[in-house]
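Engineer: Encoded as structure tokens, here's the structure I'll be asking about.
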Amino acid sequence: MVDITHKISTLRSATAMATVKVSLPETIKAIEKNLVPKGNVLEMAKTAGLFAVKNTHLSIPDCHPLPIEYTAVAYEIKDLTIDILFTVKTVYKTGVEVEAMHGASIVALTMYDMLKPIDKNIEISTIKLVEKKGGKSSYKNKFRDVLKAAVFVCSDSIFAGDKKDRSGKVIVEKLESYGVETSHYEIIPDEVDFIQDRTKKYAEDNQLVIFTGGTGLSPRDVTPEALEPLLENRIPGIEEAIRNYGQDRMPYAMLSRSVAGTIGDSLILALPGSVNGAKESMDAVFPHVLHVFHILKGSNHDTK
């Protein structure tokens, strides 16, 4: 199966449709008046669909087992056609499109099975996804101009040439995948003056200023101390999201002192210096954190 361990859980929903077409008006009347010999077609088919959607991963190899937290089945009868609308919701890391289509398919097949004794020419068609919501695709932010970022690696050893940077490069790669241009990349020592100087200078022309390293508890880890006096607005929610995401994957994440806040219209982030810490911190809050730039311009939270 596809690795989804890096994803965050969001509210996800999907609605799928399947169409059952009968050949006789009498078949529709039997359904509506509950005269089908095998029982109540609409209720039996709905029940079959509810059972099926909870077990989609047992039938479709690449589907993940996931919590099905809401299902709904609706029918629309027009002439000789019955449209089945099947809705599924969950709060999880992956979507429920296949689950909704599986549910709609089983509802249609159950109707076929129950109706075939009285109608030999039933057709099932148009099994399709009608709507899906949730996940990264629902939180993409559109901007008139390309967002720019300055990325700084805070490390005495890397600055001295004793080690090679990997965390900063991971951040640059992640930013590129989200459509953010890295205008400046630099390795600096763990010095308060260096960090503050770079922050003040690059916050003027970049929407993002990201530091990796110096957020731990060693005597030379001073990135939070350098940034906190400069921030006009601290954003605890971003910091909590980063730590919570990391804590789910590695218990030492609770020791990180990640920082997030704004200076003017620029978002300042201080992320862990380890490769995994930097990568996971980016996964925790991107791309949805980019919505902050709409809010800073006075837009509401519904703006896409």
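If you're wondering about the labels, chains in the structure tokens are A, B, ... by order shown, residues count from 1 in each chain, ligands from 1 in order shown.
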Can you tell me, as a CSV table (one decimal) with all heavy atoms, in the first residue's frame, what residues are no more than 10 Å from segment 115-118 of chain A when counting only C-alpha atoms, ignoring any on the same chain fewer than 5 positions away?
Structural biologist:
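Printed below is result_38.csv as written:
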```csv
chain,number,residue,atom,x,y,z
A,22,VAL,N,-34.2,-0.4,-14.6
A,22,VAL,CA,-35.0,-1.6,-14.8
A,22,VAL,C,-35.7,-1.5,-16.1
A,22,VAL,O,-35.7,-0.5,-16.8
A,22,VAL,CB,-36.1,-1.7,-13.6
A,22,VAL,CG1,-35.4,-1.7,-12.3
A,22,VAL,CG2,-37.1,-0.5,-13.7
A,24,LEU,N,-39.1,-2.6,-16.6
A,24,LEU,CA,-40.6,-2.6,-16.5
A,24,LEU,C,-41.1,-1.6,-15.5
A,24,LEU,O,-40.5,-1.5,-14.4
A,24,LEU,CB,-41.1,-4.0,-16.1
A,24,LEU,CG,-40.7,-5.2,-16.9
A,24,LEU,CD1,-41.0,-6.5,-16.2
A,24,LEU,CD2,-41.4,-5.1,-18.3
A,26,GLU,N,-43.6,-2.0,-13.8
A,26,GLU,CA,-44.1,-2.8,-12.7
A,26,GLU,C,-43.0,-3.0,-11.6
A,26,GLU,O,-43.3,-3.2,-10.4
A,26,GLU,CB,-44.7,-4.1,-13.2
A,26,GLU,CG,-46.0,-4.0,-14.0
A,26,GLU,CD,-45.7,-3.5,-15.4
A,26,GLU,OE1,-44.5,-3.5,-15.8
A,26,GLU,OE2,-46.7,-3.2,-16.1
A,27,THR,N,-41.8,-3.0,-12.1
A,27,THR,CA,-40.6,-3.2,-11.2
A,27,THR,C,-40.5,-2.1,-10.2
A,27,THR,O,-40.3,-2.2,-9.0
A,27,THR,CB,-39.3,-3.4,-12.0
A,27,THR,OG1,-39.5,-4.5,-12.9
A,27,THR,CG2,-38.2,-3.7,-11.0
A,28,ILE,N,-40.6,-0.9,-10.8
A,28,ILE,CA,-40.6,0.3,-9.9
A,28,ILE,C,-41.7,0.4,-8.9
A,28,ILE,O,-41.5,0.7,-7.7
A,28,ILE,CB,-40.6,1.6,-10.8
A,28,ILE,CG1,-39.3,1.7,-11.7
A,28,ILE,CG2,-40.7,2.9,-9.9
A,28,ILE,CD1,-38.0,1.8,-10.9
A,30,ALA,N,-43.3,-2.2,-7.7
A,30,ALA,CA,-43.0,-3.3,-6.7
A,30,ALA,C,-42.0,-2.8,-5.6
A,30,ALA,O,-42.1,-3.1,-4.4
A,30,ALA,CB,-42.5,-4.5,-7.3
A,31,ILE,N,-41.0,-2.0,-6.1
A,31,ILE,CA,-40.0,-1.4,-5.2
A,31,ILE,C,-40.7,-0.4,-4.2
A,31,ILE,O,-40.5,-0.5,-3.0
A,31,ILE,CB,-38.9,-0.8,-5.9
A,31,ILE,CG1,-38.1,-1.8,-6.7
A,31,ILE,CG2,-37.9,0.0,-5.0
A,31,ILE,CD1,-37.1,-1.2,-7.7
A,36,VAL,N,-41.7,-6.7,-3.6
A,36,VAL,CA,-40.7,-7.6,-4.2
A,36,VAL,C,-40.6,-8.8,-3.3
A,36,VAL,O,-40.4,-8.7,-2.1
A,36,VAL,CB,-39.3,-6.9,-4.3
A,36,VAL,CG1,-38.2,-7.8,-4.8
A,36,VAL,CG2,-39.4,-5.6,-5.2
A,37,PRO,N,-40.6,-10.0,-3.9
A,37,PRO,CA,-40.6,-11.3,-3.1
A,37,PRO,C,-39.5,-11.4,-2.1
A,37,PRO,O,-39.6,-12.0,-1.0
A,37,PRO,CB,-40.6,-12.4,-4.2
A,37,PRO,CG,-41.2,-11.7,-5.3
A,37,PRO,CD,-40.8,-10.3,-5.3
A,38,LYS,N,-38.3,-10.9,-2.5
A,38,LYS,CA,-37.1,-11.0,-1.6
A,38,LYS,C,-37.1,-10.1,-0.5
A,38,LYS,O,-36.2,-10.1,0.4
A,38,LYS,CB,-35.8,-10.9,-2.4
A,38,LYS,CG,-35.6,-12.2,-3.3
A,38,LYS,CD,-34.1,-12.1,-3.9
A,38,LYS,CE,-33.8,-13.4,-4.6
A,38,LYS,NZ,-32.3,-13.4,-5.0
A,39,GLY,N,-38.0,-9.1,-0.4
A,39,GLY,CA,-38.0,-8.2,0.7
A,39,GLY,C,-37.9,-6.7,0.3
A,39,GLY,O,-38.1,-6.4,-0.9
A,41,VAL,N,-36.4,-3.8,-1.0
A,41,VAL,CA,-35.2,-3.7,-1.8
A,41,VAL,C,-34.3,-2.5,-1.3
A,41,VAL,O,-33.1,-2.6,-1.2
A,41,VAL,CB,-35.6,-3.5,-3.3
A,41,VAL,CG1,-34.4,-3.2,-4.1
A,41,VAL,CG2,-36.3,-4.7,-3.8
A,109,LEU,N,-25.6,-3.8,-6.9
A,109,LEU,CA,-25.6,-5.2,-7.1
A,109,LEU,C,-26.6,-5.9,-6.2
A,109,LEU,O,-27.3,-6.9,-6.7
A,109,LEU,CB,-24.2,-5.8,-6.7
A,109,LEU,CG,-23.1,-5.5,-7.8
A,109,LEU,CD1,-21.7,-5.9,-7.2
A,109,LEU,CD2,-23.4,-6.3,-9.1
A,110,THR,N,-26.9,-5.4,-5.0
A,110,THR,CA,-27.9,-6.0,-4.1
A,110,THR,C,-29.3,-5.8,-4.7
A,110,THR,O,-30.1,-6.7,-4.7
A,110,THR,CB,-27.8,-5.4,-2.7
A,110,THR,OG1,-26.5,-5.6,-2.2
A,110,THR,CG2,-28.8,-6.1,-1.8
```
Engineer: Using the chain letters and numbers from this document, which residues of segment 232-268 of chain A does DSSP assign to alpha helix (DSSP H), as a PDB file with all heavy atoms, in the first residue's frame?
Structural biologist:
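The resulting file, result_0.pdb, is reproduced below:
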```pdb
ATOM      1  N   PRO A 236       1.058  30.053  18.412  1.00  0.00           N
ATOM      2  CA  PRO A 236       1.212  28.791  19.156  1.00  0.00           C
ATOM      3  C   PRO A 236       0.634  27.586  18.429  1.00  0.00           C
ATOM      4  O   PRO A 236       1.137  26.473  18.573  1.00  0.00           O
ATOM      5  CB  PRO A 236       0.456  29.063  20.465  1.00  0.00           C
ATOM      6  CG  PRO A 236       0.418  30.549  20.592  1.00  0.00           C
ATOM      7  CD  PRO A 236       0.323  31.061  19.189  1.00  0.00           C
ATOM      8  N   GLY A 237      -0.425  27.802  17.629  1.00  0.00           N
ATOM      9  CA  GLY A 237      -1.055  26.675  16.945  1.00  0.00           C
ATOM     10  C   GLY A 237      -0.108  25.961  15.995  1.00  0.00           C
ATOM     11  O   GLY A 237      -0.135  24.736  15.882  1.00  0.00           O
ATOM     12  N   ILE A 238       0.726  26.731  15.295  1.00  0.00           N
ATOM     13  CA  ILE A 238       1.700  26.124  14.387  1.00  0.00           C
ATOM     14  C   ILE A 238       2.727  25.332  15.186  1.00  0.00           C
ATOM     15  O   ILE A 238       3.072  24.197  14.835  1.00  0.00           O
ATOM     16  CB  ILE A 238       2.391  27.195  13.527  1.00  0.00           C
ATOM     17  CG1 ILE A 238       1.375  27.890  12.616  1.00  0.00           C
ATOM     18  CG2 ILE A 238       3.508  26.571  12.685  1.00  0.00           C
ATOM     19  CD1 ILE A 238       1.961  29.022  11.791  1.00  0.00           C
ATOM     20  N   GLU A 239       3.189  25.907  16.272  1.00  0.00           N
ATOM     21  CA  GLU A 239       4.173  25.228  17.121  1.00  0.00           C
ATOM     22  C   GLU A 239       3.595  23.932  17.693  1.00  0.00           C
ATOM     23  O   GLU A 239       4.265  22.893  17.713  1.00  0.00           O
ATOM     24  CB  GLU A 239       4.597  26.157  18.264  1.00  0.00           C
ATOM     25  CG  GLU A 239       5.202  27.461  17.791  1.00  0.00           C
ATOM     26  CD  GLU A 239       5.385  28.467  18.900  1.00  0.00           C
ATOM     27  OE1 GLU A 239       5.095  28.128  20.074  1.00  0.00           O
ATOM     28  OE2 GLU A 239       5.816  29.594  18.624  1.00  0.00           O
ATOM     29  N   GLU A 240       2.337  23.992  18.123  1.00  0.00           N
ATOM     30  CA  GLU A 240       1.685  22.806  18.685  1.00  0.00           C
ATOM     31  C   GLU A 240       1.498  21.728  17.627  1.00  0.00           C
ATOM     32  O   GLU A 240       1.677  20.536  17.901  1.00  0.00           O
ATOM     33  CB  GLU A 240       0.333  23.202  19.287  1.00  0.00           C
ATOM     34  CG  GLU A 240       0.446  24.084  20.516  1.00  0.00           C
ATOM     35  CD  GLU A 240      -0.841  24.827  20.830  1.00  0.00           C
ATOM     36  OE1 GLU A 240      -1.862  24.552  20.145  1.00  0.00           O
ATOM     37  OE2 GLU A 240      -0.827  25.670  21.735  1.00  0.00           O
ATOM     38  N   ALA A 241       1.130  22.152  16.414  1.00  0.00           N
ATOM     39  CA  ALA A 241       0.926  21.183  15.334  1.00  0.00           C
ATOM     40  C   ALA A 241       2.220  20.463  15.002  1.00  0.00           C
ATOM     41  O   ALA A 241       2.239  19.247  14.778  1.00  0.00           O
ATOM     42  CB  ALA A 241       0.373  21.896  14.097  1.00  0.00           C
ATOM     43  N   ILE A 242       3.328  21.200  14.981  1.00  0.00           N
ATOM     44  CA  ILE A 242       4.628  20.607  14.669  1.00  0.00           C
ATOM     45  C   ILE A 242       5.022  19.592  15.740  1.00  0.00           C
ATOM     46  O   ILE A 242       5.431  18.465  15.443  1.00  0.00           O
ATOM     47  CB  ILE A 242       5.701  21.703  14.541  1.00  0.00           C
ATOM     48  CG1 ILE A 242       5.472  22.514  13.259  1.00  0.00           C
ATOM     49  CG2 ILE A 242       7.105  21.105  14.546  1.00  0.00           C
ATOM     50  CD1 ILE A 242       6.335  23.748  13.148  1.00  0.00           C
ATOM     51  N   ARG A 243       4.886  19.980  16.998  1.00  0.00           N
ATOM     52  CA  ARG A 243       5.283  19.075  18.081  1.00  0.00           C
ATOM     53  C   ARG A 243       4.357  17.872  18.179  1.00  0.00           C
ATOM     54  O   ARG A 243       4.800  16.752  18.436  1.00  0.00           O
ATOM     55  CB  ARG A 243       5.347  19.826  19.417  1.00  0.00           C
ATOM     56  CG  ARG A 243       6.696  20.526  19.627  1.00  0.00           C
ATOM     57  CD  ARG A 243       6.803  21.107  21.012  1.00  0.00           C
ATOM     58  NE  ARG A 243       6.059  22.344  21.131  1.00  0.00           N
ATOM     59  CZ  ARG A 243       6.547  23.544  20.810  1.00  0.00           C
ATOM     60  NH1 ARG A 243       7.766  23.657  20.342  1.00  0.00           N
ATOM     61  NH2 ARG A 243       5.806  24.630  20.956  1.00  0.00           N
ATOM     62  N   ASN A 244       3.067  18.099  17.995  1.00  0.00           N
ATOM     63  CA  ASN A 244       2.114  16.992  18.075  1.00  0.00           C
ATOM     64  C   ASN A 244       2.374  15.968  16.979  1.00  0.00           C
ATOM     65  O   ASN A 244       2.368  14.754  17.225  1.00  0.00           O
ATOM     66  CB  ASN A 244       0.680  17.522  17.953  1.00  0.00           C
ATOM     67  CG  ASN A 244      -0.351  16.435  18.107  1.00  0.00           C
ATOM     68  OD1 ASN A 244      -0.464  15.811  19.161  1.00  0.00           O
ATOM     69  ND2 ASN A 244      -1.113  16.188  17.060  1.00  0.00           N
ATOM     70  N   TYR A 245       2.631  16.455  15.768  1.00  0.00           N
ATOM     71  CA  TYR A 245       2.935  15.568  14.640  1.00  0.00           C
ATOM     72  C   TYR A 245       4.210  14.781  14.931  1.00  0.00           C
ATOM     73  O   TYR A 245       4.276  13.564  14.732  1.00  0.00           O
ATOM     74  CB  TYR A 245       3.107  16.411  13.381  1.00  0.00           C
ATOM     75  CG  TYR A 245       3.350  15.640  12.104  1.00  0.00           C
ATOM     76  CD1 TYR A 245       2.299  15.327  11.255  1.00  0.00           C
ATOM     77  CD2 TYR A 245       4.628  15.248  11.735  1.00  0.00           C
ATOM     78  CE1 TYR A 245       2.513  14.647  10.059  1.00  0.00           C
ATOM     79  CE2 TYR A 245       4.861  14.562  10.550  1.00  0.00           C
ATOM     80  CZ  TYR A 245       3.800  14.271   9.722  1.00  0.00           C
ATOM     81  OH  TYR A 245       4.019  13.578   8.547  1.00  0.00           O
ATOM     82  N   GLY A 246       5.238  15.462  15.403  1.00  0.00           N
ATOM     83  CA  GLY A 246       6.488  14.788  15.713  1.00  0.00           C
ATOM     84  C   GLY A 246       6.355  13.787  16.842  1.00  0.00           C
ATOM     85  O   GLY A 246       6.936  12.698  16.806  1.00  0.00           O
ATOM     86  N   GLN A 247       5.559  14.154  17.853  1.00  0.00           N
ATOM     87  CA  GLN A 247       5.387  13.274  19.013  1.00  0.00           C
ATOM     88  C   GLN A 247       4.727  11.955  18.626  1.00  0.00           C
ATOM     89  O   GLN A 247       5.012  10.909  19.211  1.00  0.00           O
ATOM     90  CB  GLN A 247       4.540  13.982  20.072  1.00  0.00           C
ATOM     91  CG  GLN A 247       4.419  13.246  21.399  1.00  0.00           C
ATOM     92  CD  GLN A 247       5.736  13.209  22.161  1.00  0.00           C
ATOM     93  OE1 GLN A 247       6.610  14.029  21.928  1.00  0.00           O
ATOM     94  NE2 GLN A 247       5.870  12.264  23.053  1.00  0.00           N
TER      95      GLN A 247
END
```
Engineer: Could you name the residues that touch Leu85 of chain A at 9 Å or less, counting only C-alpha atoms, but leaving out those on the same chain fewer than 5 positions away, as a PyMOL selection string?
Structural biologist: chain A and resi 15-19+72-76+100+104+130
Engineer: Could you dump the residues just selected with C-alpha atoms as an mmCIF file, in the first residue's frame?
Structural biologist:
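Resulting contents of result.cif:
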```cif
data_model
loop_
_atom_site.group_PDB
_atom_site.id
_atom_site.type_symbol
_atom_site.label_atom_id
_atom_site.label_comp_id
_atom_site.auth_asym_id
_atom_site.auth_seq_id
_atom_site.Cartn_x
_atom_site.Cartn_y
_atom_site.Cartn_z
ATOM 1 C CA THR A 15 -20.099 10.969 -2.518
ATOM 2 C CA ALA A 16 -20.390 8.369 -5.268
ATOM 3 C CA MET A 17 -23.233 7.438 -7.573
ATOM 4 C CA ALA A 18 -24.396 4.253 -9.229
ATOM 5 C CA THR A 19 -27.380 3.874 -11.528
ATOM 6 C CA ALA A 72 -25.585 7.859 4.089
ATOM 7 C CA VAL A 73 -27.502 6.307 1.223
ATOM 8 C CA ALA A 74 -30.067 8.233 -0.814
ATOM 9 C CA TYR A 75 -32.179 7.133 -3.778
ATOM 10 C CA GLU A 76 -33.569 9.168 -6.668
ATOM 11 C CA ALA A 100 -17.998 5.512 -1.424
ATOM 12 C CA ALA A 104 -22.644 2.458 -4.220
ATOM 13 C CA VAL A 130 -19.623 12.832 -7.614
#
```
Engineer: For the strand (DSSP E or B) assignment from backbone DSSP, which residues of segment 26-248 of chain A qualify? Please present them as a VMD selection string.
Structural biologist: chain A and resid 70 to 78 81 to 92 123 to 133 148 to 154 181 to 188 208 to 212 233 to 234
Engineer: With a distance cut-off of 7 Å and only C-alpha atoms, select the neighbouring residues of Ile124 of chain A, excluding the residue or stretch itself and same-chain residues fewer than 5 positions from it, and output the selection as a PDB file with N, CA and C atoms, in the first residue's frame.
Structural biologist:
```
ATOM      1  N   THR A  19     -26.048   3.820 -10.930  1.00  0.00           N
ATOM      2  CA  THR A  19     -27.380   3.874 -11.528  1.00  0.00           C
ATOM      3  C   THR A  19     -27.879   2.466 -11.845  1.00  0.00           C
ATOM      4  N   VAL A  20     -29.091   2.184 -11.425  1.00  0.00           N
ATOM      5  CA  VAL A  20     -29.769   0.922 -11.742  1.00  0.00           C
ATOM      6  C   VAL A  20     -30.962   1.240 -12.642  1.00  0.00           C
ATOM      7  N   LYS A  21     -31.011   0.587 -13.789  1.00  0.00           N
ATOM      8  CA  LYS A  21     -32.114   0.809 -14.719  1.00  0.00           C
ATOM      9  C   LYS A  21     -32.897  -0.487 -14.891  1.00  0.00           C
ATOM     10  N   ALA A 108     -26.055  -1.257  -5.645  1.00  0.00           N
ATOM     11  CA  ALA A 108     -26.600  -1.560  -6.973  1.00  0.00           C
ATOM     12  C   ALA A 108     -26.659  -3.058  -7.224  1.00  0.00           C
TER      13      ALA A 108
END
```
Engineer: Could you pull the residues within 7 Å of segment 216-219 of chain A, counting only C-alpha atoms, minus those fewer than 3 positions along the same chain, as number ranges by chain?
Structural biologist: A: 255-257
Engineer: If you keep all heavy atoms, can you produce a file of those selected residues as an mmCIF file, in the first residue's frame?
Structural biologist:
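Done, and the output landed in out-v8.cif:
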```
data_model
loop_
_atom_site.group_PDB
_atom_site.id
_atom_site.type_symbol
_atom_site.label_atom_id
_atom_site.label_comp_id
_atom_site.auth_asym_id
_atom_site.auth_seq_id
_atom_site.Cartn_x
_atom_site.Cartn_y
_atom_site.Cartn_z
ATOM 1 N N LEU A 255 10.918 17.488 23.168
ATOM 2 C CA LEU A 255 12.035 18.308 23.629
ATOM 3 C C LEU A 255 12.369 19.441 22.671
ATOM 4 O O LEU A 255 13.222 20.274 22.962
ATOM 5 C CB LEU A 255 13.273 17.433 23.833
ATOM 6 C CG LEU A 255 13.114 16.262 24.822
ATOM 7 C CD1 LEU A 255 14.380 15.423 24.862
ATOM 8 C CD2 LEU A 255 12.766 16.780 26.212
ATOM 9 N N SER A 256 11.703 19.469 21.536
ATOM 10 C CA SER A 256 11.971 20.514 20.539
ATOM 11 C C SER A 256 11.329 21.833 20.964
ATOM 12 O O SER A 256 10.239 21.855 21.541
ATOM 13 C CB SER A 256 11.437 20.098 19.171
ATOM 14 O OG SER A 256 11.551 21.164 18.255
ATOM 15 N N ARG A 257 11.986 22.928 20.645
ATOM 16 C CA ARG A 257 11.464 24.263 20.953
ATOM 17 C C ARG A 257 11.180 25.025 19.657
ATOM 18 O O ARG A 257 11.644 26.149 19.469
ATOM 19 C CB ARG A 257 12.450 25.028 21.834
ATOM 20 C CG ARG A 257 12.705 24.377 23.188
ATOM 21 C CD ARG A 257 13.572 25.270 24.075
ATOM 22 N NE ARG A 257 14.895 25.471 23.494
ATOM 23 C CZ ARG A 257 15.558 26.632 23.532
ATOM 24 N NH1 ARG A 257 14.989 27.699 24.079
ATOM 25 N NH2 ARG A 257 16.767 26.733 23.010
#
```
Engineer: Mind checking which residues fall within 10 Å of His102 of chain A, counting only C-alpha atoms, ignoring those fewer than 5 positions away in the same chain, and posting them as a list in words?
Structural biologist: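 Everything that qualifies: Ala16, Met17, Ala18, Gly49, Leu50, Ala52, Val53, Lys54, Asn55, Thr56, Ser59, Ile60, Phe86, Val96, Glu97, Val107, Ala108 and Ile127 of chain A.
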Engineer: Any chance you can output those residues with all heavy atoms as a compact mmCIF listing (two decimals), in the first residue's frame?
Structural biologist:
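Contents of part-v3.txt, as written:
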```
# COMPACT_ATOMS: atom_id res chain seq x y z
N ALA A 16 -20.45 9.11 -4.00
CA ALA A 16 -20.39 8.37 -5.27
C ALA A 16 -21.80 8.04 -5.72
O ALA A 16 -22.75 8.01 -4.93
CB ALA A 16 -19.57 7.10 -5.10
N MET A 17 -21.92 7.76 -7.01
CA MET A 17 -23.23 7.44 -7.57
C MET A 17 -23.16 6.17 -8.40
O MET A 17 -22.15 5.90 -9.06
CB MET A 17 -23.73 8.59 -8.45
CG MET A 17 -25.16 8.39 -8.96
SD MET A 17 -25.74 9.76 -10.02
CE MET A 17 -25.00 9.29 -11.57
N ALA A 18 -24.21 5.39 -8.33
CA ALA A 18 -24.40 4.25 -9.23
C ALA A 18 -25.83 4.31 -9.73
O ALA A 18 -26.73 4.77 -9.02
CB ALA A 18 -24.12 2.94 -8.52
N GLY A 49 -24.80 -2.10 1.50
CA GLY A 49 -23.81 -1.07 1.21
C GLY A 49 -23.07 -0.62 2.46
O GLY A 49 -21.86 -0.39 2.42
N LEU A 50 -23.78 -0.52 3.56
CA LEU A 50 -23.14 -0.11 4.82
C LEU A 50 -22.13 -1.15 5.28
O LEU A 50 -21.05 -0.81 5.77
CB LEU A 50 -24.20 0.12 5.90
CG LEU A 50 -25.24 1.22 5.62
CD1 LEU A 50 -26.18 1.38 6.79
CD2 LEU A 50 -24.55 2.55 5.32
N ALA A 52 -20.58 -3.24 3.28
CA ALA A 52 -19.50 -3.29 2.29
C ALA A 52 -18.48 -2.19 2.49
O ALA A 52 -17.27 -2.42 2.42
CB ALA A 52 -20.11 -3.20 0.88
N VAL A 53 -18.97 -0.95 2.74
CA VAL A 53 -18.05 0.18 2.80
C VAL A 53 -17.06 0.03 3.96
O VAL A 53 -15.92 0.48 3.89
CB VAL A 53 -18.84 1.50 2.90
CG1 VAL A 53 -19.44 1.69 4.27
CG2 VAL A 53 -17.96 2.68 2.54
N LYS A 54 -17.49 -0.63 5.04
CA LYS A 54 -16.60 -0.82 6.19
C LYS A 54 -15.51 -1.85 5.91
O LYS A 54 -14.55 -1.94 6.67
CB LYS A 54 -17.42 -1.26 7.40
CG LYS A 54 -18.44 -0.24 7.86
CD LYS A 54 -19.33 -0.81 8.95
CE LYS A 54 -20.43 0.18 9.31
NZ LYS A 54 -21.37 -0.36 10.32
N ASN A 55 -15.69 -2.62 4.86
CA ASN A 55 -14.74 -3.69 4.55
C ASN A 55 -14.10 -3.51 3.17
O ASN A 55 -13.64 -4.47 2.57
CB ASN A 55 -15.45 -5.04 4.62
CG ASN A 55 -15.87 -5.39 6.03
OD1 ASN A 55 -15.05 -5.73 6.87
ND2 ASN A 55 -17.17 -5.32 6.29
N THR A 56 -14.06 -2.29 2.69
CA THR A 56 -13.50 -2.03 1.37
C THR A 56 -12.07 -2.53 1.26
O THR A 56 -11.66 -3.10 0.24
CB THR A 56 -13.56 -0.53 1.04
OG1 THR A 56 -14.93 -0.09 1.10
CG2 THR A 56 -12.99 -0.25 -0.34
N SER A 59 -11.44 -5.99 0.02
CA SER A 59 -11.73 -6.30 -1.39
C SER A 59 -10.78 -5.60 -2.36
O SER A 59 -10.46 -6.15 -3.41
CB SER A 59 -13.17 -5.88 -1.74
OG SER A 59 -14.11 -6.53 -0.90
N ILE A 60 -10.34 -4.40 -2.01
CA ILE A 60 -9.46 -3.62 -2.88
C ILE A 60 -8.07 -3.60 -2.24
O ILE A 60 -7.89 -2.98 -1.20
CB ILE A 60 -9.98 -2.17 -3.06
CG1 ILE A 60 -11.47 -2.17 -3.41
CG2 ILE A 60 -9.16 -1.45 -4.13
CD1 ILE A 60 -11.83 -2.83 -4.70
N PHE A 86 -24.21 7.59 -2.53
CA PHE A 86 -23.60 7.00 -1.34
C PHE A 86 -22.53 7.95 -0.81
O PHE A 86 -21.57 8.28 -1.51
CB PHE A 86 -22.96 5.64 -1.69
CG PHE A 86 -22.77 4.74 -0.51
CD1 PHE A 86 -23.55 3.61 -0.35
CD2 PHE A 86 -21.81 5.01 0.46
CE1 PHE A 86 -23.39 2.77 0.74
CE2 PHE A 86 -21.63 4.19 1.55
CZ PHE A 86 -22.41 3.06 1.70
N VAL A 96 -11.78 8.82 1.05
CA VAL A 96 -12.76 7.73 1.07
C VAL A 96 -13.51 7.62 -0.26
O VAL A 96 -14.63 7.14 -0.30
CB VAL A 96 -13.76 7.92 2.24
CG1 VAL A 96 -13.10 7.61 3.57
CG2 VAL A 96 -14.32 9.35 2.25
N GLU A 97 -12.86 8.04 -1.35
CA GLU A 97 -13.53 7.97 -2.66
C GLU A 97 -13.85 6.52 -3.04
O GLU A 97 -14.97 6.21 -3.49
CB GLU A 97 -12.66 8.58 -3.76
CG GLU A 97 -12.20 9.99 -3.49
CD GLU A 97 -10.81 10.03 -2.90
OE1 GLU A 97 -10.68 9.74 -1.69
OE2 GLU A 97 -9.85 10.34 -3.62
N VAL A 107 -24.61 -1.57 -3.27
CA VAL A 107 -26.04 -1.26 -3.22
C VAL A 107 -26.69 -1.63 -4.55
O VAL A 107 -27.75 -2.28 -4.60
CB VAL A 107 -26.27 0.23 -2.91
CG1 VAL A 107 -27.76 0.59 -3.08
CG2 VAL A 107 -25.83 0.55 -1.49
N ALA A 108 -26.06 -1.26 -5.65
CA ALA A 108 -26.60 -1.56 -6.97
C ALA A 108 -26.66 -3.06 -7.22
O ALA A 108 -27.67 -3.58 -7.75
CB ALA A 108 -25.75 -0.88 -8.04
N ILE A 127 -21.21 4.14 -12.52
CA ILE A 127 -20.63 4.18 -11.19
C ILE A 127 -19.51 5.21 -11.23
O ILE A 127 -18.51 5.04 -11.93
CB ILE A 127 -20.09 2.80 -10.78
CG1 ILE A 127 -21.24 1.79 -10.74
CG2 ILE A 127 -19.39 2.86 -9.42
CD1 ILE A 127 -20.79 0.36 -10.57
```
Engineer: Ranking A:Val285, A:Val172, A:Leu271, A:Ala150 by minimum distance to Glu204 of chain A and counting only C-alpha atoms, which one comes first?
Structural biologist: A:Ala150
Engineer: Hey, what's within 9 Å of Ala149 of chain A if we count only C-alpha atoms and toss same-chain stuff fewer than 6 positions away? As a list in words, please?
Structural biologist: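 My list of contacting residues is Val172, Leu175, Val180, Glu181, Thr182, Ser183, His184, Tyr185, Tyr202, Ala203, Asp205, Asn206, Gln207, Leu208, Val209 and Ile210 of chain A.
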